[in-house]
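Visitor: What follows is upload12.cif; its format and atoms are mmCIF, C-alpha atoms.
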```cif
data_input
loop_
_atom_site.label_atom_id
_atom_site.label_comp_id
_atom_site.auth_asym_id
_atom_site.auth_seq_id
_atom_site.Cartn_x
_atom_site.Cartn_y
_atom_site.Cartn_z
CA MET D 1 0.00 0.00 0.00
CA ALA D 2 1.37 3.34 -1.03
CA GLN D 3 -0.09 5.09 2.01
CA GLU D 4 1.70 2.93 4.55
CA ALA D 5 5.16 3.70 3.35
CA VAL D 6 4.87 7.38 4.19
CA LEU D 7 3.56 6.99 7.72
CA SER D 8 6.32 6.45 10.20
CA LEU D 9 9.50 8.45 10.03
CA ALA D 10 11.45 5.20 10.14
CA LEU D 11 13.59 6.46 13.02
CA ALA D 12 14.43 2.97 14.16
CA PRO D 13 12.34 -0.06 13.34
CA VAL D 14 10.86 -1.79 16.37
CA ASN D 15 11.58 -5.37 15.28
CA ARG D 16 12.05 -7.17 18.59
CA PRO D 17 10.66 -10.63 17.79
CA ASP D 18 11.52 -12.09 21.20
CA SER D 19 9.58 -9.68 23.42
CA MET D 20 6.42 -10.77 25.17
CA LEU D 21 3.83 -9.31 27.48
CA GLU D 22 2.32 -11.74 29.97
CA VAL D 23 -0.60 -11.07 32.27
CA VAL D 24 -1.12 -13.68 34.95
CA HIS D 25 -4.23 -14.01 37.16
CA LEU D 26 -4.77 -10.27 37.36
CA SER D 27 -7.49 -8.79 39.59
CA CYS D 28 -8.68 -5.24 39.94
CA LEU D 29 -10.65 -3.55 42.70
CA ARG D 30 -12.11 -0.09 42.40
CA GLY D 31 -13.34 1.04 45.80
CA GLU D 32 -15.56 -1.79 47.00
CA ARG D 33 -16.29 -3.18 43.56
CA THR D 34 -14.39 -5.97 41.89
CA LEU D 35 -13.94 -5.03 38.24
CA PHE D 36 -12.30 -8.22 37.06
CA THR D 37 -10.58 -11.22 38.60
CA ASP D 38 -8.22 -13.86 37.33
CA LEU D 39 -7.51 -12.23 34.00
CA SER D 40 -4.70 -13.89 32.07
CA PHE D 41 -3.39 -13.42 28.55
CA THR D 42 -0.17 -13.13 26.64
CA LEU D 43 0.71 -10.85 23.79
CA SER D 44 3.39 -11.65 21.24
CA PRO D 45 5.06 -9.43 18.62
CA GLY D 46 2.76 -8.48 15.77
CA GLU D 47 -0.40 -8.93 17.83
CA LEU D 48 -3.14 -6.45 18.57
CA LEU D 49 -5.37 -6.90 21.58
CA GLN D 50 -8.62 -5.02 21.77
CA VAL D 51 -10.08 -4.70 25.26
CA ALA D 52 -13.85 -4.55 25.00
CA GLY D 53 -16.47 -3.86 27.62
CA ALA D 54 -19.19 -1.45 28.67
CA ASN D 55 -18.47 1.89 30.30
CA GLY D 56 -17.12 1.34 33.77
CA SER D 57 -16.10 -2.26 33.17
CA GLY D 58 -12.47 -1.54 33.99
CA LYS D 59 -10.86 -1.03 30.57
CA THR D 60 -8.94 2.06 31.58
CA SER D 61 -8.03 0.50 34.93
CA LEU D 62 -6.58 -2.49 33.10
CA LEU D 63 -4.55 -0.33 30.74
CA ARG D 64 -3.20 1.78 33.61
CA MET D 65 -2.17 -1.42 35.39
CA LEU D 66 -0.41 -2.70 32.28
CA CYS D 67 1.57 0.55 32.18
CA GLY D 68 2.52 0.27 35.82
CA LEU D 69 0.63 3.42 36.84
CA SER D 70 -1.40 1.47 39.37
CA ALA D 71 -0.65 -1.75 41.19
CA PRO D 72 -2.88 -4.83 40.79
CA VAL D 73 -4.60 -6.29 43.88
CA ALA D 74 -3.55 -9.75 42.81
CA GLY D 75 -1.64 -11.28 39.93
CA GLU D 76 1.27 -9.91 37.97
CA ILE D 77 2.29 -8.38 34.69
CA ARG D 78 5.54 -9.47 33.08
CA TRP D 79 7.46 -7.97 30.19
CA ASN D 80 10.23 -10.10 28.71
CA ASN D 81 10.18 -12.34 31.76
CA ALA D 82 10.68 -9.52 34.26
CA ALA D 83 8.16 -7.48 36.22
CA ALA D 84 6.70 -4.82 33.93
CA ARG D 85 7.93 -1.79 35.87
CA GLY D 86 10.92 0.47 35.99
CA GLU D 87 12.97 2.44 33.51
CA ASP D 88 13.76 -0.43 31.13
CA PHE D 89 10.09 -1.26 30.75
CA ASN D 90 9.22 2.41 30.34
CA ARG D 91 11.70 2.69 27.48
CA ASP D 92 9.75 -0.03 25.64
CA LEU D 93 6.36 1.51 26.33
CA LEU D 94 4.24 4.15 24.65
CA TYR D 95 1.07 5.03 26.55
CA ILE D 96 -1.56 7.44 25.31
CA GLY D 97 -4.36 7.85 27.82
CA HIS D 98 -7.67 9.66 27.98
CA HIS D 99 -5.83 12.91 28.50
CA SER D 100 -3.41 13.26 25.66
CA ALA D 101 -0.75 15.20 27.63
CA VAL D 102 -1.05 18.15 25.28
CA LYS D 103 -0.35 21.59 26.77
CA GLU D 104 -2.77 24.26 25.57
CA GLU D 105 -0.19 27.02 26.03
CA LEU D 106 2.41 25.38 23.85
CA THR D 107 2.39 25.02 20.08
CA PRO D 108 1.93 21.57 18.49
CA LEU D 109 5.63 21.59 17.60
CA GLU D 110 6.71 22.34 21.18
CA ASN D 111 4.31 19.70 22.49
CA LEU D 112 5.72 17.00 20.24
CA LEU D 113 9.34 17.94 20.94
CA ILE D 114 8.77 17.88 24.70
CA ALA D 115 6.88 14.58 24.55
CA SER D 116 9.81 13.07 22.64
CA THR D 117 12.22 14.32 25.30
CA PHE D 118 10.26 12.59 28.03
CA ALA D 119 10.15 9.40 25.97
CA SER D 120 13.94 9.59 25.74
CA ALA D 121 13.91 9.63 21.96
CA PRO D 122 14.54 13.31 21.20
CA LEU D 123 13.49 14.45 17.75
CA THR D 124 15.02 17.14 15.64
CA GLU D 125 12.77 20.02 14.73
CA SER D 126 12.48 18.92 11.11
CA GLN D 127 11.43 15.40 12.14
CA ALA D 128 8.76 16.84 14.42
CA LEU D 129 7.49 19.17 11.69
CA GLU D 130 7.36 16.24 9.28
CA ALA D 131 5.33 14.16 11.75
CA LEU D 132 2.88 17.00 12.39
CA ASP D 133 2.50 17.54 8.66
CA ARG D 134 1.63 13.86 8.20
CA MET D 135 -0.94 14.17 11.00
CA GLY D 136 -2.64 16.86 8.92
CA LEU D 137 -1.48 19.71 11.13
CA GLY D 138 0.59 21.40 8.44
CA GLY D 139 0.38 25.19 8.78
CA ARG D 140 -0.63 24.98 12.44
CA GLU D 141 2.71 23.95 13.90
CA TYR D 142 3.33 27.35 15.45
CA LEU D 143 -0.18 28.19 16.70
CA PRO D 144 -0.95 27.84 20.39
CA THR D 145 -2.68 24.48 20.79
CA LYS D 146 -5.63 26.14 22.55
CA ALA D 147 -6.56 27.73 19.21
CA LEU D 148 -7.06 24.27 17.66
CA SER D 149 -10.22 22.19 17.57
CA GLN D 150 -10.78 19.18 19.82
CA GLY D 151 -9.93 16.74 17.04
CA GLN D 152 -6.81 18.66 16.10
CA LYS D 153 -5.65 18.58 19.73
CA ARG D 154 -6.09 14.81 19.68
CA ARG D 155 -4.01 14.71 16.51
CA VAL D 156 -1.22 16.62 18.27
CA GLY D 157 -1.16 13.97 21.01
CA LEU D 158 -1.37 11.11 18.52
CA ALA D 159 1.51 12.50 16.45
CA ARG D 160 3.66 10.62 18.94
CA LEU D 161 2.53 7.39 17.27
CA LEU D 162 4.34 8.42 14.10
CA VAL D 163 7.66 8.94 15.82
CA SER D 164 7.58 6.25 18.49
CA THR D 165 10.22 3.55 18.49
CA ALA D 166 8.76 1.68 21.49
CA PRO D 167 7.62 -1.91 20.82
CA LEU D 168 4.63 -1.91 23.18
CA TRP D 169 1.82 0.56 22.62
CA ILE D 170 -1.00 0.95 25.10
CA LEU D 171 -3.70 3.22 23.76
CA ASP D 172 -6.84 4.27 25.60
CA GLU D 173 -9.55 5.27 23.12
CA PRO D 174 -7.15 6.52 20.46
CA LEU D 175 -9.89 7.10 17.91
CA THR D 176 -12.12 9.42 19.96
CA ALA D 177 -12.89 12.80 18.40
CA LEU D 178 -11.08 12.00 15.17
CA ASP D 179 -12.54 12.44 11.70
CA VAL D 180 -12.68 9.65 9.10
CA LEU D 181 -9.37 10.57 7.50
CA ALA D 182 -7.51 10.66 10.80
CA VAL D 183 -9.05 7.34 11.87
CA GLU D 184 -7.79 5.76 8.65
CA LEU D 185 -4.35 7.26 9.18
CA ILE D 186 -4.10 5.94 12.74
CA GLN D 187 -5.33 2.49 11.72
CA ALA D 188 -2.77 2.34 8.92
CA ARG D 189 -0.05 3.34 11.37
CA LEU D 190 -1.19 0.61 13.78
CA ALA D 191 -0.90 -1.93 10.95
CA GLU D 192 2.58 -0.66 10.16
CA HIS D 193 3.63 -0.99 13.80
CA LEU D 194 2.35 -4.57 13.93
CA ALA D 195 4.16 -5.41 10.69
CA GLN D 196 7.37 -4.21 12.39
CA GLN D 197 6.76 -6.78 15.16
CA GLY D 198 5.25 -4.22 17.53
CA MET D 199 2.47 -4.99 20.00
CA ILE D 200 -0.66 -2.99 20.72
CA VAL D 201 -3.24 -3.07 23.48
CA LEU D 202 -6.09 -0.67 22.94
CA THR D 203 -9.66 0.12 23.82
CA THR D 204 -12.14 1.61 21.43
CA HIS D 205 -15.88 1.76 21.01
CA GLN D 206 -15.52 2.25 17.30
CA ALA D 207 -15.25 -0.61 14.82
CA LEU D 208 -11.55 -1.19 14.36
CA GLN D 209 -10.32 -1.95 10.87
CA VAL D 210 -6.60 -2.46 10.85
CA PRO D 211 -5.57 -3.54 7.34
CA GLY D 212 -4.48 -7.18 7.28
CA ILE D 213 -5.02 -7.78 11.01
CA THR D 214 -7.76 -9.52 12.94
CA PRO D 215 -7.64 -8.03 16.42
CA ARG D 216 -7.77 -10.42 19.35
CA GLN D 217 -10.44 -9.40 21.79
CA ILE D 218 -10.93 -9.80 25.49
CA ALA D 219 -14.18 -8.70 27.02
CA LEU D 220 -14.50 -7.33 30.52
CA SER D 221 -17.95 -7.67 32.05
CA MET Q 1 20.10 12.94 32.49
CA GLY Q 2 21.52 16.45 32.87
CA LYS Q 3 20.02 17.25 29.50
CA LEU Q 4 16.61 16.09 30.63
CA PHE Q 5 16.92 18.20 33.78
CA ILE Q 6 17.68 21.30 31.68
CA ARG Q 7 14.82 20.54 29.28
CA VAL Q 8 12.32 20.18 32.12
CA ILE Q 9 13.40 23.56 33.52
CA HIS Q 10 13.17 25.08 30.06
CA ARG Q 11 9.69 23.63 29.52
CA ASP Q 12 8.35 24.90 32.83
CA LEU Q 13 9.85 28.35 32.32
CA LEU Q 14 8.26 28.49 28.87
CA LEU Q 15 4.90 27.51 30.36
CA ALA Q 16 5.29 30.11 33.10
CA TYR Q 17 6.09 32.72 30.48
CA ARG Q 18 2.94 31.85 28.51
CA ARG Q 19 0.94 32.09 31.75
CA ARG Q 20 2.73 35.10 33.16
CA ALA Q 21 -0.41 36.49 34.82
CA ASP Q 22 -0.22 33.64 37.36
CA VAL Q 23 3.37 34.44 38.20
CA LEU Q 24 2.78 38.17 38.49
CA THR Q 25 -0.18 37.71 40.85
CA THR Q 26 2.08 35.99 43.36
CA LEU Q 27 4.68 38.73 43.12
CA PHE Q 28 2.15 41.51 43.56
CA PHE Q 29 0.66 39.66 46.51
CA PHE Q 30 4.09 39.66 48.15
CA VAL Q 31 4.68 43.34 47.40
CA ILE Q 32 1.26 44.40 48.70
CA VAL Q 33 1.34 42.34 51.90
CA VAL Q 34 4.80 43.63 52.80
CA SER Q 35 3.81 47.22 51.99
CA LEU Q 36 0.67 47.10 54.14
CA PHE Q 37 2.65 46.79 57.37
CA PRO Q 38 4.44 50.17 57.36
CA LEU Q 39 1.08 51.77 56.56
CA GLY Q 40 -0.70 49.91 59.33
CA VAL Q 41 1.97 50.15 62.02
CA GLY Q 42 2.76 53.83 61.44
CA PRO Q 43 6.02 55.70 60.91
CA GLU Q 44 7.75 54.53 64.11
CA MET Q 45 11.22 53.71 62.70
CA LYS Q 46 12.34 51.58 65.60
CA THR Q 47 9.27 49.31 65.52
CA LEU Q 48 9.47 49.01 61.73
CA ARG Q 49 13.10 47.92 61.81
CA LEU Q 50 12.21 45.39 64.46
CA ILE Q 51 9.36 43.75 62.56
CA ALA Q 52 10.84 43.99 59.05
CA PRO Q 53 12.58 40.59 58.78
CA GLY Q 54 9.61 38.71 60.18
CA VAL Q 55 7.10 40.51 57.98
CA VAL Q 56 9.09 39.94 54.79
CA TRP Q 57 9.59 36.28 55.61
CA VAL Q 58 5.98 35.58 56.55
CA ALA Q 59 4.85 37.31 53.36
CA ALA Q 60 7.28 35.14 51.39
CA LEU Q 61 5.85 31.99 53.00
CA LEU Q 62 2.29 33.02 52.14
CA ALA Q 63 3.23 33.98 48.58
CA SER Q 64 4.88 30.60 48.15
CA MET Q 65 1.67 28.88 49.34
CA LEU Q 66 -0.22 30.67 46.57
CA SER Q 67 2.03 29.40 43.81
CA LEU Q 68 2.59 25.87 45.16
CA GLN Q 69 -0.81 24.56 44.13
CA ARG Q 70 0.10 25.17 40.51
CA LEU Q 71 3.29 23.12 40.71
CA PHE Q 72 1.74 19.81 39.61
CA ALA Q 73 -1.96 20.63 39.10
CA ALA Q 74 -1.86 21.42 35.36
CA ASP Q 75 0.36 18.44 34.54
CA TYR Q 76 -1.97 16.24 36.58
CA GLN Q 77 -5.07 17.42 34.77
CA ASP Q 78 -3.84 17.15 31.20
CA GLY Q 79 -2.11 13.78 31.59
CA THR Q 80 1.48 15.06 31.34
CA LEU Q 81 2.18 13.76 34.82
CA GLU Q 82 1.34 10.21 33.67
CA GLN Q 83 3.88 10.61 30.90
CA MET Q 84 6.48 11.82 33.40
CA LEU Q 85 5.86 8.78 35.58
CA LEU Q 86 6.22 6.54 32.55
CA ALA Q 87 9.36 8.23 31.25
CA PRO Q 88 12.46 6.05 31.21
CA HIS Q 89 14.20 8.39 33.64
CA PRO Q 90 14.30 8.72 37.42
CA LEU Q 91 11.18 10.68 38.35
CA GLY Q 92 13.18 12.54 41.02
CA VAL Q 93 15.24 14.29 38.33
CA ILE Q 94 12.11 15.51 36.53
CA VAL Q 95 10.61 16.62 39.84
CA LEU Q 96 13.78 18.50 40.80
CA GLY Q 97 13.73 20.25 37.42
CA LYS Q 98 10.14 21.34 38.03
CA ILE Q 99 11.01 22.57 41.52
CA VAL Q 100 13.98 24.58 40.25
CA ALA Q 101 11.84 26.18 37.54
CA HIS Q 102 9.14 26.92 40.13
CA TRP Q 103 11.70 28.61 42.37
CA MET Q 104 13.04 30.68 39.47
CA VAL Q 105 9.62 32.21 38.84
CA SER Q 106 8.27 32.33 42.40
CA GLY Q 107 11.14 32.45 44.90
CA LEU Q 108 13.96 34.22 43.08
CA PRO Q 109 11.89 37.33 42.21
CA LEU Q 110 10.87 37.65 45.88
CA ALA Q 111 14.52 37.61 46.95
CA LEU Q 112 15.36 40.20 44.29
CA MET Q 113 12.55 42.53 45.32
CA ALA Q 114 12.97 42.17 49.07
CA PRO Q 115 15.81 44.75 49.46
CA LEU Q 116 13.65 47.33 47.73
CA LEU Q 117 10.69 46.55 49.98
CA GLY Q 118 13.00 46.58 53.01
CA LEU Q 119 13.59 50.28 52.41
CA GLN Q 120 10.04 50.95 53.61
CA PHE Q 121 11.11 49.56 56.98
CA ASP Q 122 14.18 51.78 57.20
CA LEU Q 123 16.56 48.82 57.18
CA PRO Q 124 20.23 49.84 56.85
CA PRO Q 125 21.97 48.80 53.58
CA GLU Q 126 23.88 45.93 55.15
CA ALA Q 127 20.75 44.46 56.67
CA LEU Q 128 19.12 44.67 53.23
CA GLY Q 129 22.01 42.65 51.83
CA ILE Q 130 21.61 39.99 54.50
CA LEU Q 131 17.85 39.89 53.92
CA PHE Q 132 18.58 39.23 50.24
CA ILE Q 133 21.08 36.46 50.96
CA ALA Q 134 18.78 34.85 53.53
CA LEU Q 135 15.91 34.82 51.04
CA LEU Q 136 18.18 33.52 48.30
CA LEU Q 137 19.05 30.55 50.53
CA GLY Q 138 15.60 30.20 52.04
CA THR Q 139 13.13 30.47 49.15
CA PRO Q 140 14.46 27.28 47.45
CA ILE Q 141 13.74 25.47 50.74
CA LEU Q 142 10.14 26.68 50.52
CA SER Q 143 9.79 25.32 46.98
CA LEU Q 144 11.45 22.01 47.88
CA ILE Q 145 9.40 21.31 51.01
CA GLY Q 146 6.27 22.72 49.41
CA ALA Q 147 6.60 20.28 46.51
CA VAL Q 148 6.08 17.35 48.89
CA GLY Q 149 2.87 18.94 50.16
CA ALA Q 150 1.70 19.79 46.64
CA ALA Q 151 2.25 16.17 45.56
CA LEU Q 152 0.47 14.76 48.61
CA THR Q 153 -2.61 16.96 48.15
CA LEU Q 154 -2.79 16.47 44.38
CA GLY Q 155 -6.31 15.94 43.11
CA LEU Q 156 -7.97 16.41 46.51
CA ARG Q 157 -10.98 18.64 46.93
CA GLY Q 158 -10.02 21.60 49.10
CA GLY Q 159 -6.41 20.66 48.55
CA GLY Q 160 -5.34 24.29 48.91
CA VAL Q 161 -6.26 24.61 52.59
CA LEU Q 162 -4.89 21.18 53.40
CA LEU Q 163 -1.67 22.10 51.64
CA SER Q 164 -1.25 25.15 53.92
CA LEU Q 165 -1.90 23.10 57.05
CA LEU Q 166 0.58 20.49 55.91
CA VAL Q 167 3.37 22.70 54.68
CA LEU Q 168 3.35 25.87 56.79
CA PRO Q 169 4.53 24.08 59.99
CA LEU Q 170 7.40 22.59 58.00
CA TYR Q 171 8.44 26.08 56.95
CA ILE Q 172 9.10 27.10 60.56
CA PRO Q 173 12.85 26.29 60.64
CA ALA Q 174 13.44 28.29 57.45
CA LEU Q 175 11.41 31.17 58.89
CA ILE Q 176 13.30 31.20 62.19
CA PHE Q 177 16.79 31.09 60.69
CA GLY Q 178 15.93 33.33 57.73
CA ALA Q 179 14.39 36.12 59.76
CA GLY Q 180 16.90 35.45 62.56
CA ALA Q 181 19.85 36.23 60.29
CA VAL Q 182 18.62 39.78 59.67
CA GLU Q 183 17.58 40.27 63.32
CA ALA Q 184 21.02 39.13 64.46
CA HIS Q 185 22.70 41.67 62.23
CA ILE Q 186 20.43 44.47 63.49
CA ALA Q 187 21.24 43.40 67.06
CA GLY Q 188 24.94 43.64 66.24
CA VAL Q 189 25.70 39.90 66.18
CA SER Q 190 27.16 38.05 63.19
CA PRO Q 191 24.42 36.46 61.03
CA GLU Q 192 26.83 33.76 59.88
CA GLY Q 193 25.42 31.04 62.14
CA HIS Q 194 21.87 31.58 60.94
CA LEU Q 195 22.92 31.63 57.29
CA SER Q 196 24.99 28.45 57.70
CA LEU Q 197 22.05 26.64 59.22
CA LEU Q 198 19.83 27.91 56.41
CA ALA Q 199 22.34 26.61 53.84
CA ALA Q 200 22.48 23.24 55.62
CA LEU Q 201 18.70 23.08 55.54
CA LEU Q 202 18.78 23.87 51.82
CA ILE Q 203 21.24 21.07 51.09
CA PHE Q 204 19.28 18.58 53.16
CA SER Q 205 15.93 19.40 51.58
CA GLY Q 206 17.53 19.50 48.12
CA LEU Q 207 18.77 15.95 48.56
CA ALA Q 208 15.72 14.45 50.22
CA THR Q 209 12.54 16.13 49.02
CA PRO Q 210 12.68 15.40 45.25
CA TRP Q 211 12.59 11.64 45.95
CA VAL Q 212 9.87 11.98 48.57
CA THR Q 213 7.87 14.11 46.15
CA ALA Q 214 8.34 11.52 43.40
CA LEU Q 215 7.01 8.83 45.73
CA ALA Q 216 4.03 10.99 46.71
CA LEU Q 217 3.26 11.60 43.01
CA ARG Q 218 3.22 7.87 42.31
CA ILE Q 219 0.76 7.38 45.16
CA ALA Q 220 -1.40 10.27 43.96
CA MET Q 221 -1.61 8.80 40.46
CA GLU Q 222 -2.78 5.33 41.52
#
```
Would you write out, as structure tokens, the structure that this file holds?
Guide:
Amino acid sequence: MAQEAVLSLALAPVNRPDSMLEVVHLSCLRGERTLFTDLSFTLSPGELLQVAGANGSGKTSLLRMLCGLSAPVAGEIRWNNAAARGEDFNRDLLYIGHHSAVKEELTPLENLLIASTFASAPLTESQALEALDRMGLGGREYLPTKALSQGQKRRVGLARLLVSTAPLWILDEPLTALDVLAVELIQARLAEHLAQQGMIVLTTHQALQVPGITPRQIALS
Amino acid sequence: MGKLFIRVIHRDLLLAYRRRADVLTTLFFFVIVVSLFPLGVGPEMKTLRLIAPGVVWVAALLASMLSLQRLFAADYQDGTLEQMLLAPHPLGVIVLGKIVAHWMVSGLPLALMAPLLGLQFDLPPEALGILFIALLLGTPILSLIGAVGAALTLGLRGGGVLLSLLVLPLYIPALIFGAGAVEAHIAGVSPEGHLSLLAALLIFSGLATPWVTALALRIAME
């Protein structure tokens, strides 16, 4: 596909065929309620896992646990046969949550450059401009982000997908507030990441169509 | 890691510059509170000289309370804090960078303005110099200790009041030695002892509080 080739900036291909994410007998409590118990699955390179479930069924809680932001009540999460925590795990992880970590006061360019600094994969300015252009934000790189629309703000946050070199992506509702074109772009980028032996865990209420991939699903009730 | 530290400071200074109204409010608060005392107490030079160090220091503590709530709140709300926690770097380094940037826009200007405000209290030039040095050593302590409180009260309703109750008592040593340095000089004693203790306090809080703050942030984000 001609479109795929232009998506990532090919900074460094992910290609880590031996990595694996394992979730063993995981349980989650929220206040008094048990959201899920005894959840186990493994994720291998090139796989996409879609977490399904109604509102409040614990999708976000699960994703935050996978990232290491909150600790599970029981069970464990392992990345490459070690506990999925700490700086080494963080280097392999890209997490985009409900809040896309976009600063309204900064321009899209500044936002992307700063995000890349935190992810320890600093971009040059021209790489960042290129990524924003591919996200359809050409001509708005130097505007304050607060002047952009909701969907454009999402695009600023999601521009990190184009420049990420992390093998494991955890995405919470990445397709919210995006228009048809942007949804197609993101889905194509997901396919590209999987083809490079990346792994993705995501939640979405929209129908996911990643070219050439049948997403695995787990349902939380 | 040093590069990251510099970039965090740069980012926070840039954000402060884009939101300069917030920074200026704190500074004007400090100026106005300090200036109210000579007007309220009256033109009795001796009394004014006596109360000056305490007034300036208490005003600095209150001004620091005003700005502390903003230290992590915005990053918490827009999800940046999650990204900082998930960055492949020690969180303490990022936190220290944020604290330094916070001090540069909230503490440093207070120290710079204090000698000018001290003139209203008829402080002699040397005492003004010592007031400046004491604030230069003391205001970073306020930012460092305050950061722990700001992290602990993150996301709580009525966090502002709780933050004051939590942090103000911890400011007492800085207040005593900071104001004491100027008082000692006015009384004709060397302020060296007070300033040394203030510097020791600065080093101790500089080493300890970033890691405690980082831990408190991880708890707040659970």
Visitor: With the PyMOL selection byres ((chain Q and resi 178-184) around 6) as the selection, what would be picked from this file? Answer as an MDAnalysis selection string, please.
Guide: chainID Q and resid 53:54 127 130:131 134 174:177 185:187 189 191 194
Visitor: If we count all atoms listed in the file and set the cut-off at 10 Å, which residues sit around Ser35 of chain Q, ignoring sequence neighbours fewer than 6 positions away in its own chain? Please answer as a list in words.
Guide: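 The residues satisfying every condition are Phe29, Val55, Val56, Leu117, Gly118, Gln120 and Phe121 of chain Q.
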Visitor: Please write as a ChimeraX atom specification the full residue list that the PyMOL selection byres ((chain Q) within 7 of (chain D)) yields on this file.
Guide: /Q:15,18,78-80,84,86-89,221-222
Visitor: Produce a file of the selected residues containing C-alpha atoms, as a compact mmCIF listing (two decimals), in the coordinates of the input.
Guide:
```
# COMPACT_ATOMS: atom_id res chain seq x y z
CA LEU Q 15 4.90 27.51 30.36
CA ARG Q 18 2.94 31.85 28.51
CA ASP Q 78 -3.84 17.15 31.20
CA GLY Q 79 -2.11 13.78 31.59
CA THR Q 80 1.48 15.06 31.34
CA MET Q 84 6.48 11.82 33.40
CA LEU Q 86 6.22 6.54 32.55
CA ALA Q 87 9.36 8.23 31.25
CA PRO Q 88 12.46 6.05 31.21
CA HIS Q 89 14.20 8.39 33.64
CA MET Q 221 -1.61 8.80 40.46
CA GLU Q 222 -2.78 5.33 41.52
```
Visitor: What do you get, as a PDB file with C-alpha atoms, in the coordinates of the input, if you spell out every residue that the PyMOL selection byres ((chain D and resi 171-180) around 7) selects here?
Guide:
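File expr_18.pdb, as written:
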```pdb
ATOM      1  CA  THR D  60      -8.940   2.060  31.580  1.00  0.00           C
ATOM      2  CA  TYR D  95       1.070   5.030  26.550  1.00  0.00           C
ATOM      3  CA  ILE D  96      -1.560   7.440  25.310  1.00  0.00           C
ATOM      4  CA  GLY D  97      -4.360   7.850  27.820  1.00  0.00           C
ATOM      5  CA  HIS D  98      -7.670   9.660  27.980  1.00  0.00           C
ATOM      6  CA  GLN D 150     -10.780  19.180  19.820  1.00  0.00           C
ATOM      7  CA  GLY D 151      -9.930  16.740  17.040  1.00  0.00           C
ATOM      8  CA  TRP D 169       1.820   0.560  22.620  1.00  0.00           C
ATOM      9  CA  ILE D 170      -1.000   0.950  25.100  1.00  0.00           C
ATOM     10  CA  LEU D 181      -9.370  10.570   7.500  1.00  0.00           C
ATOM     11  CA  ALA D 182      -7.510  10.660  10.800  1.00  0.00           C
ATOM     12  CA  VAL D 183      -9.050   7.340  11.870  1.00  0.00           C
ATOM     13  CA  GLU D 184      -7.790   5.760   8.650  1.00  0.00           C
ATOM     14  CA  VAL D 201      -3.240  -3.070  23.480  1.00  0.00           C
ATOM     15  CA  LEU D 202      -6.090  -0.670  22.940  1.00  0.00           C
ATOM     16  CA  THR D 203      -9.660   0.120  23.820  1.00  0.00           C
ATOM     17  CA  THR D 204     -12.140   1.610  21.430  1.00  0.00           C
TER      18      THR D 204
END
```
Visitor: Kindly give the distance, in Å, that separates atom CA of Ala220 of chain Q and atom CA of Gly157 of chain D, rounded to a single decimal.
Guide: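 These atoms are spaced 23.2 Å apart.
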Visitor: Near segment 25-28 of chain Q, within 8 Å and counting only C-alpha atoms, which residues show up once chain neighbours fewer than 4 positions away are dropped, as an NGL selection string?
Guide: :Q and (21 or 32 or 63-64 or 66-67 or 106 or 109-110)
Visitor: Put those residues in a file: C-alpha atoms, as a PDB file, in the frame of the given file.
Guide:
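So part-v2.pdb came out as:
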```
ATOM      1  CA  ALA Q  21      -0.410  36.490  34.820  1.00  0.00           C
ATOM      2  CA  ILE Q  32       1.260  44.400  48.700  1.00  0.00           C
ATOM      3  CA  ALA Q  63       3.230  33.980  48.580  1.00  0.00           C
ATOM      4  CA  SER Q  64       4.880  30.600  48.150  1.00  0.00           C
ATOM      5  CA  LEU Q  66      -0.220  30.670  46.570  1.00  0.00           C
ATOM      6  CA  SER Q  67       2.030  29.400  43.810  1.00  0.00           C
ATOM      7  CA  SER Q 106       8.270  32.330  42.400  1.00  0.00           C
ATOM      8  CA  PRO Q 109      11.890  37.330  42.210  1.00  0.00           C
ATOM      9  CA  LEU Q 110      10.870  37.650  45.880  1.00  0.00           C
TER      10      LEU Q 110
END
```
Visitor: Rounded to one decimal, what separation in Å do you get between atom CA of Leu135 of chain Q and atom CA of Gly2 of chain Q?
Guide: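 If I compute the distance from atom CA of Leu135 of chain Q to atom CA of Gly2 of chain Q, I get 26.4 Å.
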Visitor: Residues within 8 Å of Ile145 of chain Q, please, as JSON, numbers by chain. Count all atoms listed in the file; anything in the same chain fewer than 3 positions from it doesn't count.
Guide: {"Q": [141, 142, 148, 149, 167, 170, 171, 205, 209]}
Visitor: Expressed in Å to a single decimal, how great is the separation between atom CA of Ala83 of chain D and atom CA of Ala195 of chain D?
Guide: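 Atom CA of Ala83 of chain D sits 25.9 Å away from atom CA of Ala195 of chain D.
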Visitor: Go through Q:Ala111, Q:Val23, Q:Asp122, Q:Ser164 one by one, measure the shortest atom-to-atom distance of each to Glu44 of chain Q using all atoms listed in the file, and give the residue with the smallest value.
Guide: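 Looking only at the distances to Glu44 of chain Q, the closest residue turns out to be Q:Asp122.
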Visitor: With only C-alpha atoms as the basis for distance, which of D:Ser27, D:Ser44, D:Gln152, D:Ser126 is at the shortest distance from Gln197 of chain D?
Guide: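 Ranking D:Ser27, D:Ser44, D:Gln152, D:Ser126 by distance to Gln197 of chain D, first place goes to D:Ser44.
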Visitor: Go through Q:Ile6, Q:Leu217, Q:Leu48, Q:Leu136 one by one, measure the shortest atom-to-atom distance of each to Ala101 of chain Q using all atoms listed in the file, and give the residue with the smallest value.
Guide: Q:Ile6
Visitor: Using all atoms listed in the file, which of the listed residues (Q:His10, Q:Pro38, Q:Met113, Q:Arg19) sits closest to Ala60 of chain Q?
Guide: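 Going through Q:His10, Q:Pro38, Q:Met113, Q:Arg19 one by one, the smallest distance to Ala60 of chain Q is for Q:Met113.
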